[in-house]
Amino acid sequence: MLIQGRVWVFGDNIDTDLMMPHIAFEKPRSEQAKWVFRTNRPGWVDMVRKGDILVAGNNFGLGSSRPAALLFRQLGIDAIVADSVNGLFYRNCINFGLPAFNCPLVSKSFGEGDIAEIDPHAGTILNVTTGLSLKTGILPEMLLQIIAAGGLIELLTQDGYLEPSSNYIEVNNEPC
């Protein structure tokens, strides 16, 4: 599973309140992604394309357990790579089927618009634009299975542990 896409670069200490501002909770699930990064990067959601990759600095995703990873998936983001990803946010990414990687110095190795290629099995991140290659940790097979299934609920449903339903997780009375 190679992941390749155009890069968006964000800085250090980007918290989940910036990713998913409070006003997004008041909107229907179908409209929540429109509010991602509205306060610190107005108009960003209109420029994102399916297959893009988000590169960030240290402690990306600190804060609460808001389901921002789900909104990134809805926007078409295929992966997140940061110098360091906050642990709670990292787990939310995996649970929603969004690959996330810790890779020190990645934020200094990409410019906005560069093309990244990530190989989760080899633990490599290549800046296709410049040719620079970085090492990251190899994701455990179980996490790769969750991602490949589209998230934890989807994997548990596929494996017969849950009945097929779109109502296992609800936010504001809407299924995720």
# chains A, B, ... in the order shown; residues from 1 in each chain; ligands from 1

call {"tool": "residues_around", "arguments": {"residues": "region 70-80 of chain A", "least_positions_apart": "6", "cutoff": "7 Å", "atoms": "only C-alpha atoms", "output": "PyMOL selection string"}}
result
chain A and resi 33+48-55+96+98-101

call {"tool": "atom_distance", "arguments": {"atom1": "CA of Arg29 (chain A)", "atom2": "CA of Gly57 (chain A)"}}
result
28.1 Å

call {"tool": "atom_distance", "arguments": {"atom1": "CA of Thr129 (chain A)", "atom2": "CA of Phe110 (chain A)"}}
result
8.8 Å

call {"tool": "residues_around", "arguments": {"residues": "Ile23 (chain A)", "least_positions_apart": "2", "cutoff": "12 Å", "atoms": "only C-alpha atoms", "output": "list in words"}}
result
Asp17, Leu18, Met19, Met20, Pro21, Phe25, Glu26, Lys27, Pro28, Arg29, Glu31, Gln32, Ala33, Lys34, Trp35, Val36, Phe37, Arg38 and Thr39 of chain A

call {"tool": "atom_distance", "arguments": {"atom1": "CA of Phe10 (chain A)", "atom2": "CA of Thr130 (chain A)"}}
result
18.8 Å

call {"tool": "residues_around", "arguments": {"residues": "region 136-149 of chain A", "least_positions_apart": "2", "cutoff": "7 Å", "atoms": "only C-alpha atoms", "output": "PyMOL selection string"}}
result
chain A and resi 94-95+97-99+101-103+120-124+134+151-152+154-155

call {"tool": "select_by_dssp", "arguments": {"residues": "region 4-144 of chain A", "states": "helix (DSSP H, G or I)", "output": "PyMOL selection string"}}
result
chain A and resi 16-19+22-25+29-35+44-47+68-75+87-95+106-108+141-144

call {"tool": "write_last_selection", "arguments": {"atoms": "N, CA and C atoms", "output": "short mmCIF file (atom, residue, chain, number, x, y, z; two decimals), in the first residue's frame"}}
result
data_model
loop_
_atom_site.label_atom_id
_atom_site.label_comp_id
_atom_site.auth_asym_id
_atom_site.auth_seq_id
_atom_site.Cartn_x
_atom_site.Cartn_y
_atom_site.Cartn_z
N THR A 16 -6.71 20.09 18.23
CA THR A 16 -7.96 19.62 17.63
C THR A 16 -9.03 20.70 17.60
N ASP A 17 -8.90 21.73 18.44
CA ASP A 17 -9.84 22.86 18.38
C ASP A 17 -9.67 23.64 17.09
N LEU A 18 -8.44 23.73 16.57
CA LEU A 18 -8.21 24.39 15.29
C LEU A 18 -8.69 23.50 14.13
N MET A 19 -8.48 22.21 14.28
CA MET A 19 -8.90 21.27 13.24
C MET A 19 -10.42 21.23 13.10
N HIS A 22 -15.48 24.45 17.51
CA HIS A 22 -16.73 24.14 18.19
C HIS A 22 -17.95 24.30 17.29
N ILE A 23 -17.95 25.31 16.44
CA ILE A 23 -19.11 25.55 15.57
C ILE A 23 -19.42 24.35 14.67
N ALA A 24 -18.39 23.56 14.34
CA ALA A 24 -18.60 22.38 13.50
C ALA A 24 -19.54 21.37 14.16
N PHE A 25 -19.51 21.29 15.49
CA PHE A 25 -20.39 20.36 16.21
C PHE A 25 -21.86 20.71 16.04
N ARG A 29 -23.33 16.37 10.09
CA ARG A 29 -22.08 15.66 9.78
C ARG A 29 -21.60 15.98 8.36
N SER A 30 -22.52 16.08 7.42
CA SER A 30 -22.15 16.33 6.02
C SER A 30 -21.52 17.70 5.80
N GLU A 31 -21.69 18.62 6.75
CA GLU A 31 -21.16 19.98 6.61
C GLU A 31 -19.98 20.27 7.53
N GLN A 32 -19.66 19.36 8.44
CA GLN A 32 -18.62 19.63 9.43
C GLN A 32 -17.24 19.81 8.83
N ALA A 33 -16.92 19.09 7.80
CA ALA A 33 -15.59 19.19 7.20
C ALA A 33 -15.32 20.58 6.62
N LYS A 34 -16.36 21.32 6.28
CA LYS A 34 -16.19 22.67 5.74
C LYS A 34 -15.54 23.62 6.75
N TRP A 35 -15.53 23.24 8.02
CA TRP A 35 -15.02 24.12 9.08
C TRP A 35 -13.59 23.80 9.49
N TRP A 44 -8.78 26.85 3.19
CA TRP A 44 -7.97 25.65 2.95
C TRP A 44 -8.83 24.48 2.45
N VAL A 45 -9.99 24.28 3.05
CA VAL A 45 -10.82 23.13 2.67
C VAL A 45 -11.25 23.20 1.20
N ASP A 46 -11.30 24.39 0.63
CA ASP A 46 -11.69 24.53 -0.77
C ASP A 46 -10.55 24.17 -1.73
N MET A 47 -9.33 24.11 -1.21
CA MET A 47 -8.17 23.80 -2.05
C MET A 47 -7.74 22.33 -1.95
N ALA A 68 -11.66 14.85 14.54
CA ALA A 68 -11.11 15.61 13.41
C ALA A 68 -10.55 14.68 12.33
N ALA A 69 -10.01 13.54 12.73
CA ALA A 69 -9.47 12.60 11.73
C ALA A 69 -10.55 12.17 10.73
N LEU A 70 -11.75 12.00 11.20
CA LEU A 70 -12.86 11.65 10.31
C LEU A 70 -13.10 12.77 9.29
N LEU A 71 -13.01 14.01 9.74
CA LEU A 71 -13.22 15.14 8.83
C LEU A 71 -12.10 15.22 7.79
N PHE A 72 -10.86 14.92 8.20
CA PHE A 72 -9.76 14.88 7.22
C PHE A 72 -10.03 13.83 6.15
N ARG A 73 -10.52 12.68 6.58
CA ARG A 73 -10.86 11.63 5.60
C ARG A 73 -11.95 12.12 4.65
N GLN A 74 -12.96 12.79 5.20
CA GLN A 74 -14.05 13.31 4.35
C GLN A 74 -13.52 14.32 3.34
N LEU A 75 -12.51 15.08 3.72
CA LEU A 75 -11.92 16.06 2.81
C LEU A 75 -11.06 15.40 1.73
N GLY A 87 -0.62 11.32 20.90
CA GLY A 87 -1.05 9.93 21.01
C GLY A 87 -2.54 9.70 20.84
N LEU A 88 -3.37 10.53 21.48
CA LEU A 88 -4.82 10.37 21.36
C LEU A 88 -5.28 10.63 19.92
N PHE A 89 -4.73 11.67 19.32
CA PHE A 89 -5.10 11.98 17.93
C PHE A 89 -4.62 10.86 16.99
N TYR A 90 -3.44 10.33 17.25
CA TYR A 90 -2.90 9.23 16.45
C TYR A 90 -3.88 8.05 16.46
N ARG A 91 -4.34 7.70 17.64
CA ARG A 91 -5.28 6.56 17.75
C ARG A 91 -6.60 6.86 17.05
N ASN A 92 -7.08 8.09 17.14
CA ASN A 92 -8.30 8.46 16.42
C ASN A 92 -8.10 8.35 14.92
N CYS A 93 -6.92 8.76 14.44
CA CYS A 93 -6.64 8.62 13.01
C CYS A 93 -6.77 7.16 12.58
N ILE A 94 -6.08 6.29 13.27
CA ILE A 94 -6.11 4.86 12.93
C ILE A 94 -7.54 4.33 13.01
N ASN A 95 -8.25 4.66 14.09
CA ASN A 95 -9.62 4.16 14.26
C ASN A 95 -10.56 4.62 13.15
N VAL A 106 10.28 15.74 9.51
CA VAL A 106 9.52 15.70 8.25
C VAL A 106 9.01 17.08 7.87
N SER A 107 8.67 17.89 8.85
CA SER A 107 8.12 19.22 8.54
C SER A 107 9.16 20.13 7.89
N LYS A 108 10.44 19.85 8.13
CA LYS A 108 11.52 20.63 7.52
C LYS A 108 11.94 20.04 6.17
N GLU A 141 1.06 -4.70 11.75
CA GLU A 141 0.11 -5.30 10.81
C GLU A 141 -1.34 -5.07 11.21
N MET A 142 -1.65 -5.13 12.50
CA MET A 142 -3.03 -4.92 12.95
C MET A 142 -3.51 -3.51 12.61
N LEU A 143 -2.65 -2.51 12.78
CA LEU A 143 -3.04 -1.15 12.44
C LEU A 143 -3.22 -1.00 10.93
N LEU A 144 -2.36 -1.66 10.16
CA LEU A 144 -2.52 -1.64 8.70
C LEU A 144 -3.84 -2.29 8.27
#

call {"tool": "select_by_dssp", "arguments": {"residues": "region 10-169 of chain A", "states": "strand (DSSP E)", "output": "number ranges by chain"}}
result
A: 53-56, 79-82, 100-102, 115-119, 124-127, 133-135

call {"tool": "residues_around", "arguments": {"residues": "Ile115 (chain A)", "least_positions_apart": "6", "cutoff": "6 Å", "atoms": "only C-alpha atoms", "output": "ChimeraX atom specification"}}
result
/A:5-7,127-129
